[in-house]
file work-v2.txt (compact mmCIF, C-alpha atoms and all ligand atoms)
# COMPACT_ATOMS: atom_id res chain seq x y z
CA PHE A 172 24.46 5.58 -25.18
CA GLY A 173 23.58 2.52 -27.28
CA VAL A 174 20.76 0.02 -26.91
CA ASP A 175 23.36 -2.64 -26.02
CA SER A 176 24.09 -0.75 -22.79
CA VAL A 177 20.49 -1.09 -21.58
CA VAL A 178 20.26 -3.15 -18.37
CA THR A 179 17.64 -1.35 -16.24
CA LEU A 180 14.61 0.80 -17.01
CA ASN A 181 16.64 3.88 -16.13
CA ASP A 182 19.01 2.92 -18.94
CA PHE A 183 16.10 2.97 -21.38
CA GLU A 184 15.55 6.56 -20.37
CA LYS A 185 19.14 7.49 -21.23
CA TYR A 186 18.84 5.65 -24.51
CA ALA A 187 15.54 7.37 -25.39
CA GLN A 188 16.98 10.79 -24.60
CA GLY A 189 19.61 10.15 -27.24
CA VAL A 190 17.12 9.22 -29.96
CA CYS A 191 14.15 11.57 -29.29
CA SER A 192 13.92 15.11 -30.63
CA ASP A 193 14.33 17.76 -27.91
CA GLU A 194 10.65 18.67 -27.86
CA CYS A 195 9.59 15.06 -27.74
CA TRP A 196 12.00 14.33 -24.90
CA GLU A 197 10.81 17.29 -22.84
CA TYR A 198 7.17 16.34 -23.41
CA TYR A 199 7.71 12.76 -22.26
CA SER A 200 10.03 13.37 -19.35
CA GLY A 201 8.76 16.71 -18.03
CA GLY A 202 6.31 17.47 -15.21
CA ALA A 203 4.03 20.31 -14.17
CA ASP A 204 5.25 23.64 -12.77
CA SER A 205 8.25 23.30 -10.45
CA GLU A 206 8.24 19.49 -10.91
CA HIS A 207 8.05 18.78 -7.16
CA ALA A 208 5.34 16.16 -7.75
CA LEU A 209 7.50 14.53 -10.43
CA ARG A 210 10.54 14.37 -8.16
CA GLY A 211 8.43 13.45 -5.10
CA ASN A 212 7.13 10.31 -6.81
CA ARG A 213 10.64 8.94 -7.21
CA GLU A 214 11.93 10.19 -3.85
CA ALA A 215 9.12 8.42 -1.96
CA TYR A 216 10.43 5.04 -3.16
CA ASP A 217 14.00 6.03 -2.34
CA ARG A 218 13.03 6.83 1.26
CA VAL A 219 11.70 3.34 1.97
CA PHE A 220 14.00 0.46 2.92
CA ILE A 221 13.34 -3.26 2.96
CA ARG A 222 13.62 -5.62 5.96
CA PRO A 223 14.60 -8.94 4.36
CA ARG A 224 14.13 -12.37 5.97
CA VAL A 225 16.53 -15.26 5.36
CA LEU A 226 16.78 -19.08 5.43
CA ARG A 227 13.28 -19.63 4.04
CA ASP A 228 13.74 -21.87 0.97
CA VAL A 229 13.10 -19.47 -1.91
CA LYS A 230 14.01 -21.90 -4.69
CA GLU A 231 10.59 -21.39 -6.27
CA VAL A 232 9.35 -17.81 -6.53
CA ASP A 233 6.07 -16.80 -8.18
CA THR A 234 5.42 -13.17 -9.23
CA SER A 235 2.11 -13.83 -11.00
CA THR A 236 -1.15 -12.16 -9.98
CA LYS A 237 -4.56 -11.02 -11.20
CA ILE A 238 -5.32 -7.53 -12.47
CA LEU A 239 -9.07 -6.87 -12.78
CA GLY A 240 -9.60 -10.62 -12.82
CA MET A 241 -7.03 -11.25 -15.57
CA ASP A 242 -3.86 -13.26 -15.16
CA SER A 243 -0.65 -11.22 -15.29
CA PRO A 244 2.88 -12.68 -15.08
CA ALA A 245 3.86 -9.92 -12.64
CA PRO A 246 1.96 -7.21 -10.73
CA PHE A 247 2.43 -4.37 -13.19
CA TYR A 248 0.73 -3.07 -16.32
CA ILE A 249 1.39 -0.48 -19.05
CA SER A 250 -0.10 2.89 -18.04
CA PRO A 251 -1.79 4.97 -20.72
CA THR A 252 0.53 7.59 -22.21
CA ALA A 253 -0.32 9.98 -25.02
CA ARG A 254 1.44 10.37 -28.34
CA ASN A 255 3.88 7.47 -28.34
CA GLY A 256 4.17 8.07 -32.09
CA TRP A 257 6.40 11.07 -31.47
CA SER A 258 9.35 8.75 -30.89
CA ASN A 259 8.44 5.60 -32.76
CA PRO A 260 6.65 5.07 -36.08
CA ILE A 261 4.14 2.49 -34.83
CA GLY A 262 3.46 4.37 -31.60
CA GLU A 263 1.44 2.48 -28.96
CA VAL A 264 1.26 -0.61 -31.18
CA ALA A 265 4.91 -1.28 -30.18
CA SER A 266 3.73 -1.83 -26.60
CA THR A 267 0.78 -3.91 -27.82
CA ILE A 268 3.12 -6.31 -29.61
CA GLY A 269 5.48 -6.53 -26.63
CA ALA A 270 2.59 -7.01 -24.20
CA GLY A 271 1.09 -9.69 -26.45
CA ARG A 272 4.34 -11.66 -26.37
CA THR A 273 4.78 -11.40 -22.63
CA GLY A 274 1.22 -11.49 -21.28
CA PHE A 275 1.15 -7.99 -19.81
CA PHE A 276 -1.90 -5.74 -19.74
CA GLN A 277 -1.87 -2.45 -21.69
CA ILE A 278 -4.15 0.55 -21.23
CA LEU A 279 -4.38 2.66 -24.34
CA SER A 280 -4.53 6.44 -23.89
CA HIS A 281 -7.55 8.34 -25.19
CA VAL A 282 -5.08 10.63 -26.94
CA ALA A 283 -2.78 7.94 -28.26
CA SER A 284 -1.02 8.29 -31.61
CA ARG A 285 -2.60 5.01 -32.76
CA SER A 286 -6.33 4.30 -32.57
CA LEU A 287 -7.92 1.58 -30.47
CA ASP A 288 -8.98 -0.05 -33.76
CA GLU A 289 -5.31 -0.35 -34.82
CA VAL A 290 -4.26 -1.67 -31.42
CA MET A 291 -7.04 -4.26 -31.44
CA GLN A 292 -5.93 -5.45 -34.88
CA ALA A 293 -2.32 -5.78 -33.71
CA LYS A 294 -3.05 -7.62 -30.47
CA ALA A 295 -2.51 -11.34 -29.94
CA ASP A 296 -5.39 -13.79 -29.48
CA GLY A 297 -6.83 -13.43 -26.01
CA GLN A 298 -4.68 -10.37 -25.23
CA LYS A 299 -6.56 -7.91 -23.04
CA ILE A 300 -6.51 -4.15 -23.65
CA GLY A 301 -8.01 -1.44 -21.41
CA TRP A 302 -9.00 1.98 -22.68
CA GLN A 303 -8.40 5.29 -20.89
CA LEU A 304 -11.09 7.93 -21.06
CA TYR A 305 -10.94 11.71 -20.84
CA MET A 306 -14.58 12.62 -20.44
CA ASN A 307 -15.82 14.96 -23.16
CA MET A 308 -17.92 17.95 -22.05
CA ASP A 309 -20.42 16.87 -24.69
CA ARG A 310 -21.83 13.67 -23.20
CA ASP A 311 -23.18 12.45 -26.55
CA ILE A 312 -19.63 12.44 -27.90
CA ALA A 313 -18.38 10.79 -24.69
CA ALA A 314 -21.07 8.10 -24.90
CA ARG A 315 -20.20 7.37 -28.54
CA GLU A 316 -16.49 7.08 -27.68
CA ILE A 317 -17.13 4.78 -24.72
CA LYS A 318 -19.51 2.56 -26.71
CA HIS A 319 -17.02 2.34 -29.56
CA ALA A 320 -14.29 1.21 -27.15
CA ALA A 321 -16.62 -1.40 -25.63
CA GLU A 322 -17.66 -2.68 -29.09
CA LEU A 323 -14.02 -3.02 -30.12
CA GLY A 324 -13.49 -5.25 -27.10
CA ALA A 325 -11.80 -2.96 -24.57
CA GLN A 326 -11.79 -4.98 -21.37
CA SER A 327 -12.11 -2.03 -18.95
CA ILE A 328 -12.52 1.76 -18.94
CA TRP A 329 -9.96 3.84 -17.05
CA LEU A 330 -11.48 7.22 -16.27
CA THR A 331 -8.75 9.80 -15.71
CA ALA A 332 -9.89 12.13 -12.96
CA ASP A 333 -6.82 14.22 -12.16
CA LEU A 334 -6.71 16.48 -15.20
CA SER A 335 -9.80 18.69 -15.10
CA CYS A 336 -7.80 21.29 -17.01
CA LEU A 337 -4.62 20.97 -19.02
CA MET A 338 -1.36 21.36 -17.18
CA LYS A 339 1.64 23.27 -18.34
CA ASN A 340 4.91 21.54 -18.97
CA VAL A 341 7.37 24.06 -17.63
CA ARG A 342 10.28 22.80 -19.72
CA ILE A 343 8.44 23.36 -22.96
CA ARG A 344 7.06 26.72 -21.83
CA SER A 345 10.55 27.89 -20.87
CA GLY A 346 11.65 27.73 -24.48
CA SER A 347 14.46 25.31 -23.78
CA VAL A 348 13.24 23.25 -26.70
CA LYS A 349 14.71 24.05 -30.08
CA ARG A 350 13.85 21.28 -32.50
CA ASN A 351 10.43 20.10 -33.63
CA PRO A 352 8.98 16.59 -33.28
CA ALA A 353 8.33 14.49 -36.35
CA PRO A 354 5.84 16.49 -38.46
CA ALA A 355 3.86 13.33 -39.24
CA ASP A 356 2.57 13.13 -35.71
CA LYS A 357 2.01 16.59 -34.31
CA PRO A 358 0.19 16.80 -30.97
CA ILE A 359 -3.59 17.11 -30.97
CA SER A 360 -3.44 19.87 -28.39
CA ARG A 361 -0.07 21.41 -27.69
CA PRO A 362 1.29 21.06 -24.17
CA ASP A 363 3.04 24.45 -24.23
CA LYS A 364 0.06 26.67 -23.38
CA PRO A 365 -0.71 27.54 -19.71
CA SER A 366 -3.45 25.48 -18.05
CA ARG A 367 -6.74 25.82 -19.77
CA LEU A 368 -10.07 24.13 -20.18
CA SER A 369 -10.48 21.77 -23.06
CA GLU A 370 -13.61 20.02 -24.28
CA ARG A 371 -11.83 16.71 -23.65
CA HIS A 372 -11.29 17.41 -19.95
CA ASP A 373 -14.73 18.00 -18.44
CA PRO A 374 -14.29 19.96 -15.18
CA SER A 375 -17.86 19.09 -14.11
CA LEU A 376 -17.02 15.39 -13.85
CA GLN A 377 -18.34 13.87 -10.61
CA TRP A 378 -18.70 10.59 -8.71
CA ALA A 379 -22.13 9.81 -10.19
CA ASP A 380 -20.46 9.61 -13.63
CA ILE A 381 -18.99 6.22 -12.73
CA ALA A 382 -22.48 4.70 -12.79
CA TRP A 383 -23.18 6.49 -16.09
CA ILE A 384 -20.06 5.00 -17.73
CA LYS A 385 -21.01 1.53 -16.50
CA GLU A 386 -24.45 1.93 -17.93
CA VAL A 387 -23.10 3.09 -21.31
CA THR A 388 -20.68 0.13 -21.55
CA GLY A 389 -23.17 -2.42 -20.32
CA GLY A 390 -21.14 -3.18 -17.21
CA LEU A 391 -17.42 -3.13 -18.06
CA PRO A 392 -15.09 -2.60 -15.09
CA VAL A 393 -14.43 1.09 -14.42
CA VAL A 394 -11.15 2.22 -12.88
CA VAL A 395 -10.77 5.76 -11.51
CA LYS A 396 -7.26 6.94 -12.37
CA GLY A 397 -5.62 9.85 -10.58
CA VAL A 398 -6.77 9.52 -6.96
CA GLY A 399 -4.63 11.48 -4.49
CA SER A 400 -6.24 11.03 -1.06
CA TRP A 401 -7.53 8.04 0.93
CA GLU A 402 -10.96 9.67 1.34
CA ASP A 403 -11.45 9.56 -2.44
CA VAL A 404 -10.61 5.86 -2.49
CA VAL A 405 -13.49 5.32 -0.06
CA LEU A 406 -15.78 7.38 -2.34
CA ALA A 407 -14.63 5.50 -5.47
CA LYS A 408 -15.63 2.20 -3.91
CA GLU A 409 -18.93 3.57 -2.62
CA ASN A 410 -19.75 4.87 -6.10
CA GLY A 411 -19.20 1.54 -7.81
CA ALA A 412 -15.65 1.79 -9.20
CA ASP A 413 -13.91 -1.57 -9.61
CA ALA A 414 -10.47 -0.15 -8.87
CA VAL A 415 -8.54 3.08 -8.44
CA VAL A 416 -5.10 4.20 -9.51
CA LEU A 417 -3.35 6.27 -6.87
CA SER A 418 -1.57 8.64 -9.20
CA ASN A 419 -0.63 12.26 -9.77
CA HIS A 420 -0.36 11.67 -13.52
CA GLY A 421 3.36 11.06 -13.27
CA GLY A 422 3.86 14.56 -11.79
CA ARG A 423 2.17 16.14 -14.80
CA ALA A 424 -1.07 17.47 -13.28
CA LEU A 425 -1.12 19.17 -9.86
CA ASP A 426 2.36 20.11 -8.73
CA PHE A 427 2.99 19.14 -5.08
CA ALA A 428 0.31 16.44 -5.28
CA ASN A 429 1.09 13.76 -2.71
CA PRO A 430 3.40 10.95 -3.88
CA PRO A 431 1.07 8.01 -4.57
CA LEU A 432 3.14 5.75 -2.28
CA LYS A 433 2.29 8.12 0.57
CA THR A 434 -1.42 8.03 -0.32
CA LEU A 435 -1.19 4.25 -0.22
CA GLN A 436 0.34 4.39 3.24
CA ASP A 437 -2.55 6.67 4.31
CA ILE A 438 -5.10 4.07 3.16
CA GLY A 439 -3.31 1.51 5.32
CA LYS A 440 -3.73 3.84 8.30
CA HIS A 441 -7.29 5.09 7.74
CA ALA A 442 -9.13 2.50 5.64
CA PRO A 443 -7.05 -0.73 5.58
CA GLY A 444 -10.10 -2.80 4.60
CA LEU A 445 -9.83 -1.32 1.08
CA LEU A 446 -6.48 -2.98 0.42
CA LYS A 447 -5.80 -6.43 -1.06
CA ASP A 448 -9.47 -6.95 -1.86
CA ASP A 449 -10.13 -9.02 -5.01
CA LYS A 450 -13.36 -7.14 -5.78
CA PHE A 451 -11.89 -3.65 -5.42
CA GLN A 452 -8.25 -3.20 -6.37
CA VAL A 453 -5.89 -0.36 -5.55
CA PHE A 454 -3.20 0.31 -8.15
CA VAL A 455 -0.36 2.84 -7.90
CA ASP A 456 1.73 4.61 -10.50
CA GLY A 457 4.40 7.31 -10.71
CA GLY A 458 8.15 6.93 -10.41
CA ILE A 459 8.26 3.12 -10.44
CA ARG A 460 11.50 2.12 -12.13
CA GLN A 461 12.68 -1.14 -10.57
CA GLY A 462 11.48 -4.41 -9.11
CA THR A 463 12.02 -3.22 -5.53
CA ASP A 464 9.70 -0.23 -6.17
CA ILE A 465 6.93 -2.65 -7.13
CA ILE A 466 7.64 -4.73 -4.03
CA LYS A 467 7.43 -1.66 -1.78
CA ALA A 468 4.02 -0.70 -3.22
CA LEU A 469 2.75 -4.25 -2.81
CA CYS A 470 3.98 -4.45 0.77
CA LEU A 471 1.91 -1.35 1.54
CA GLY A 472 -1.17 -3.04 0.05
CA ALA A 473 -1.33 -2.20 -3.67
CA SER A 474 -2.63 -4.97 -5.95
CA ALA A 475 -0.45 -3.92 -8.89
CA VAL A 476 1.42 -0.90 -10.26
CA GLY A 477 1.45 1.01 -13.53
CA LEU A 478 4.51 2.11 -15.49
CA GLY A 479 4.21 5.08 -17.81
CA ARG A 480 7.43 6.58 -19.11
CA PRO A 481 9.48 3.35 -19.07
CA PHE A 482 7.18 1.83 -21.70
CA ILE A 483 7.44 4.86 -23.91
CA PHE A 484 11.18 4.45 -23.74
CA ALA A 485 11.43 0.68 -24.06
CA ALA A 486 10.04 -2.44 -25.67
CA ALA A 487 7.27 -3.85 -23.47
CA GLY A 488 7.72 -6.58 -20.91
CA TRP A 489 11.47 -6.50 -20.46
CA GLY A 490 13.02 -5.64 -17.13
CA PRO A 491 11.20 -5.38 -13.87
CA ASP A 492 9.62 -8.85 -13.66
CA GLY A 493 13.08 -10.48 -13.60
CA GLU A 494 14.27 -7.94 -11.04
CA MET A 495 11.25 -8.66 -8.85
CA GLU A 496 12.02 -12.34 -8.71
CA ILE A 497 15.60 -11.71 -7.59
CA SER A 498 14.51 -9.20 -4.94
CA MET A 499 11.77 -11.48 -3.58
CA ARG A 500 14.27 -14.30 -3.19
CA LEU A 501 16.70 -12.00 -1.36
CA MET A 502 13.81 -10.88 0.89
CA GLY A 503 12.75 -14.45 1.72
CA VAL A 504 9.39 -14.14 -0.03
CA LYS A 505 7.93 -16.80 -2.37
CA ASN A 506 4.82 -15.12 -3.77
CA ILE A 507 3.27 -11.69 -3.75
CA GLN A 508 0.51 -12.61 -1.29
CA GLU A 509 3.22 -12.90 1.37
CA LEU A 510 4.30 -9.27 0.94
CA GLY A 511 3.22 -6.94 3.75
CA PRO A 512 4.27 -3.81 5.68
CA GLU A 513 6.42 -5.90 8.03
CA TYR A 514 8.98 -6.10 5.20
CA LEU A 515 9.41 -2.32 5.05
CA GLU A 516 11.09 0.41 7.04
CA THR A 517 8.87 3.41 6.25
CA SER A 518 9.70 5.87 9.02
CA ARG A 519 11.08 8.37 6.50
CA LEU A 520 8.23 8.10 3.98
C1 LIG B 1 0.99 10.35 -19.32
N1 LIG B 1 -0.07 9.96 -18.48
C2 LIG B 1 -1.35 9.89 -19.04
N2 LIG B 1 -2.38 9.46 -18.27
C3 LIG B 1 -3.62 9.34 -18.82
O1 LIG B 1 -4.54 8.94 -18.12
N3 LIG B 1 -3.83 9.67 -20.13
C4 LIG B 1 -2.84 10.12 -20.95
O2 LIG B 1 -3.07 10.37 -22.13
C5 LIG B 1 -1.55 10.25 -20.39
N4 LIG B 1 -0.52 10.72 -21.14
C6 LIG B 1 0.76 10.75 -20.64
C7 LIG B 1 1.80 11.13 -21.47
C8 LIG B 1 3.09 11.09 -20.99
C9 LIG B 1 4.21 11.48 -21.90
C10 LIG B 1 3.35 10.66 -19.67
C11 LIG B 1 4.75 10.57 -19.13
C12 LIG B 1 2.30 10.31 -18.84
C13 LIG B 1 0.15 9.51 -17.10
C14 LIG B 1 0.46 8.01 -17.04
O3 LIG B 1 -0.67 7.23 -17.30
C15 LIG B 1 0.96 7.60 -15.64
O4 LIG B 1 0.06 8.05 -14.67
C16 LIG B 1 2.37 8.13 -15.35
O5 LIG B 1 3.16 8.13 -16.51
C17 LIG B 1 3.04 7.29 -14.28
O6 LIG B 1 4.28 7.82 -13.96
P1 LIG B 1 5.69 7.30 -14.57
O7 LIG B 1 5.64 5.77 -14.58
O8 LIG B 1 5.77 7.86 -15.95
O9 LIG B 1 6.68 7.86 -13.64

call {"tool": "encode", "arguments": {"input": "work-v2.txt", "output": "C-alpha cells"}}
result
Amino acid sequence: FGVDSVVTLNDFEKYAQGVCSDECWEYYSGGADSEHALRGNREAYDRVFIRPRVLRDVKEVDTSTKILGMDSPAPFYISPTARNGWSNPIGEVASTIGAGRTGFFQILSHVASRSLDEVMQAKADGQKIGWQLYMNMDRDIAAREIKHAAELGAQSIWLTADLSCLMKNVRIRSGSVKRNPAPADKPISRPDKPSRLSERHDPSLQWADIAWIKEVTGGLPVVVKGVGSWEDVVLAKENGADAVVLSNHGGRALDFANPPLKTLQDIGKHAPGLLKDDKFQVFVDGGIRQGTDIIKALCLGASAVGLGRPFIFAAAGWGPDGEMEISMRLMGVKNIQELGPEYLETSRL
C-alpha cells in the first residue's frame, strides 16, 4: 500500500501499518483489554445518520471556528499522542510543521518523543501549541514541569484525567509482536506490563488541582482531558476548567468506557447549557476519521474534536477539512454555527 494510494485518513492507517515495526504498530493502534472501548468509539459514529436539507444556496461554506479563543480553519485539533518518534525520525515535530503550514492547533504529549523546547523551536510565527500534563505524584516536579511549559509559551495546559494507572495493551501483552521498535527511541515506560501505578500518573488527583495548575501557570487555560460522564463536565466547569475533552483515551484506558459521542448526547439531555458556550468548550475525541464524524459531534453540541491516531499516521492538516466542506454543502449547511441535533438521526446511538 503506497503513499500515492492515500485518499482518506483510513488509508493513512493502512499505509502506516506497512511502514511501522510490528511493536510500534500494535502500540499505536491497540486499545485496553478486550478493546470494546476502542471499537465502541468508532461504532458510535457509524450508528448515527444525517438528515440533509436541500435547495439552500451552499455556494459559500465556512468551516472555520475558535478553539480556546484561537482561530482554527476547521473544528479539529491534533490530540496529544506519546512517542511519535517510534515511526518517524522527527517525531511530533512532523505534526508541528504540518500544523504551522495549515493553521491547526497541536497539543504536545507529556511523554512525547520530542521535547516542548524542540517543538517550540520548530513552530511557525504565531503558531499556538498546547501542552498535555500527566500530574506527577511529586508536586514540586509537577510544578516545575508546568512552569517550564508556560515559560516556553505553551498556550494551554491539558490535564489528562483518565489514566490514574497505566493500562495494558492486550496486543502487546499477548506476545503477538515479534520485532522491536527503532532502538534510538525506546519507550520511557513500556506498555506491556499489566496496569500499575507510576509516579507520572498521580491517582490522588482531584478537582481542586485545576485551581492549583492555574495558579502555577499564572492563569493559562486548563482543559480536563478524559471526561466520561456528563456529571463530571458539570464539575469541571464548577471547578474552573476552561474546557473538557470527552474522551476514553482512544480506547486505551478503561475498557467499556462510554463512547464519547454518547457522553456528548447525555450532556445535551441533562445539562444542555454547557454546550456551545464560548467561555467553556466541550471537545470530543476517539474514533473520528472523516468529515462527517466531525459534523455529527458538532451537531450534538461539541465545539471541536481531537484526532489522535490519524496524525501519528499522516502529515498534519490534510484530509478532513476538505471532506467537511463537501459534507456541509450536501447537508445544506453554510457554517458550523448552523449545525444542530435536527440534522441527525440518533435513535440507534
Ligand atoms: C494516545 N493518547 C494520549 N493522550 C494523552 O493525554 N497523553 C498521551 O501521551 C497519549 N498518548 C497516546 C498514544 C497513542 C499511541 C494513542 C493512539 C493515543 C490519547 C489521545 O490523546 C486521544 O485521546 C486518542 O488518540 C483519540 O482517539 P483516536 O483519534 O486515536 O481514535

call {"tool": "closest_atom_pairs", "arguments": {"input": "work-v2.txt", "of": "chain A", "to": "ligand LIG 1 (chain B)", "cutoff": "7 Å", "atoms": "all atoms listed in the file", "output": "CSV"}}
result
residue,atom,partner,partner_atom,distance
A:Tyr198,CA,B:LIG1,C9,5.9
A:Tyr199,CA,B:LIG1,C9,3.7
A:Ser200,CA,B:LIG1,C11,6.0
A:Ser250,CA,B:LIG1,O3,4.4
A:Pro251,CA,B:LIG1,O3,4.2
A:Thr252,CA,B:LIG1,N4,3.5
A:Ala253,CA,B:LIG1,N4,4.0
A:Arg254,CA,B:LIG1,C7,6.9
A:Ser280,CA,B:LIG1,O2,4.5
A:His281,CA,B:LIG1,O2,5.8
A:Val282,CA,B:LIG1,O2,5.2
A:Ala283,CA,B:LIG1,O2,6.6
A:Gln303,CA,B:LIG1,O1,6.0
A:Thr331,CA,B:LIG1,O1,4.9
A:Lys396,CA,B:LIG1,O1,6.7
A:Ser418,CA,B:LIG1,O4,5.7
A:Asn419,CA,B:LIG1,O4,6.5
A:His420,CA,B:LIG1,O4,3.8
A:Gly421,CA,B:LIG1,O6,3.4
A:Asp456,CA,B:LIG1,C17,4.8
A:Gly457,CA,B:LIG1,O6,3.3
A:Gly458,CA,B:LIG1,O9,3.7
A:Ile459,CA,B:LIG1,O7,5.6
A:Gly477,CA,B:LIG1,O7,6.4
A:Leu478,CA,B:LIG1,O7,3.9
A:Gly479,CA,B:LIG1,O5,3.5
A:Arg480,CA,B:LIG1,O8,3.8
A:Pro481,CA,B:LIG1,O7,6.4

call {"tool": "closest_residue", "arguments": {"input": "work-v2.txt", "among": "A:Ala468, A:Ala314, A:Ile438, A:Val455", "to": "Glu386 (chain A)", "atoms": "all atoms listed in the file"}}
result
A:Ala314

call {"tool": "residues_around", "arguments": {"input": "work-v2.txt", "residues": "Leu209 (chain A)", "least_positions_apart": "2", "cutoff": "10 Å", "atoms": "all atoms listed in the file", "output": "ChimeraX atom specification"}}
result
/A:200-207,211-214,419-428,430,457-458

call {"tool": "atom_distance", "arguments": {"input": "work-v2.txt", "atom1": "CA of Gln277 (chain A)", "atom2": "CA of Val393 (chain A)"}}
result
14.9 Å

call {"tool": "closest_residue", "arguments": {"input": "work-v2.txt", "among": "A:Lys318, A:Ala325, A:Lys237, A:Asp311", "to": "Gln298 (chain A)", "atoms": "all atoms listed in the file"}}
result
A:Ala325

call {"tool": "atom_distance", "arguments": {"input": "work-v2.txt", "atom1": "CA of Glu509 (chain A)", "atom2": "CA of Gly411 (chain A)"}}
result
28.2 Å

call {"tool": "residues_around", "arguments": {"input": "work-v2.txt", "residues": "Gly256 (chain A)", "least_positions_apart": "5", "cutoff": "7 Å", "atoms": "all atoms listed in the file", "output": "ChimeraX atom specification"}}
result
/A:261-263,284,356

call {"tool": "closest_residue", "arguments": {"input": "work-v2.txt", "among": "A:Val453, A:Ala412, A:Ala187, A:Val264", "to": "Leu469 (chain A)", "atoms": "all atoms listed in the file"}}
result
A:Val453

call {"tool": "closest_residue", "arguments": {"input": "work-v2.txt", "among": "A:Gly511, A:Pro374, A:Gly462, A:Gly503", "to": "Val225 (chain A)", "atoms": "all atoms listed in the file"}}
result
A:Gly503

call {"tool": "atom_distance", "arguments": {"input": "work-v2.txt", "atom1": "CA of Ile381 (chain A)", "atom2": "CA of Gly439 (chain A)"}}
result
24.4 Å

call {"tool": "closest_residue", "arguments": {"input": "work-v2.txt", "among": "A:Ile384, A:Arg218, A:Trp378, A:Thr463", "to": "Glu409 (chain A)", "atoms": "all atoms listed in the file"}}
result
A:Trp378

call {"tool": "residues_around", "arguments": {"input": "work-v2.txt", "residues": "Glu289 (chain A)", "least_positions_apart": "2", "cutoff": "10 Å", "atoms": "all atoms listed in the file", "output": "ChimeraX atom specification"}}
result
/A:261,263-264,267,285-287,291-294

call {"tool": "closest_residue", "arguments": {"input": "work-v2.txt", "among": "A:Leu330, A:Ala208, A:Val219, A:Ala270", "to": "Tyr514 (chain A)", "atoms": "all atoms listed in the file"}}
result
A:Val219

call {"tool": "residues_around", "arguments": {"input": "work-v2.txt", "residues": "Met308 (chain A)", "least_positions_apart": "6", "cutoff": "8 Å", "atoms": "only C-alpha atoms", "output": "list of chain:residue names"}}
result
A:Glu370, A:Arg371, A:His372, A:Asp373
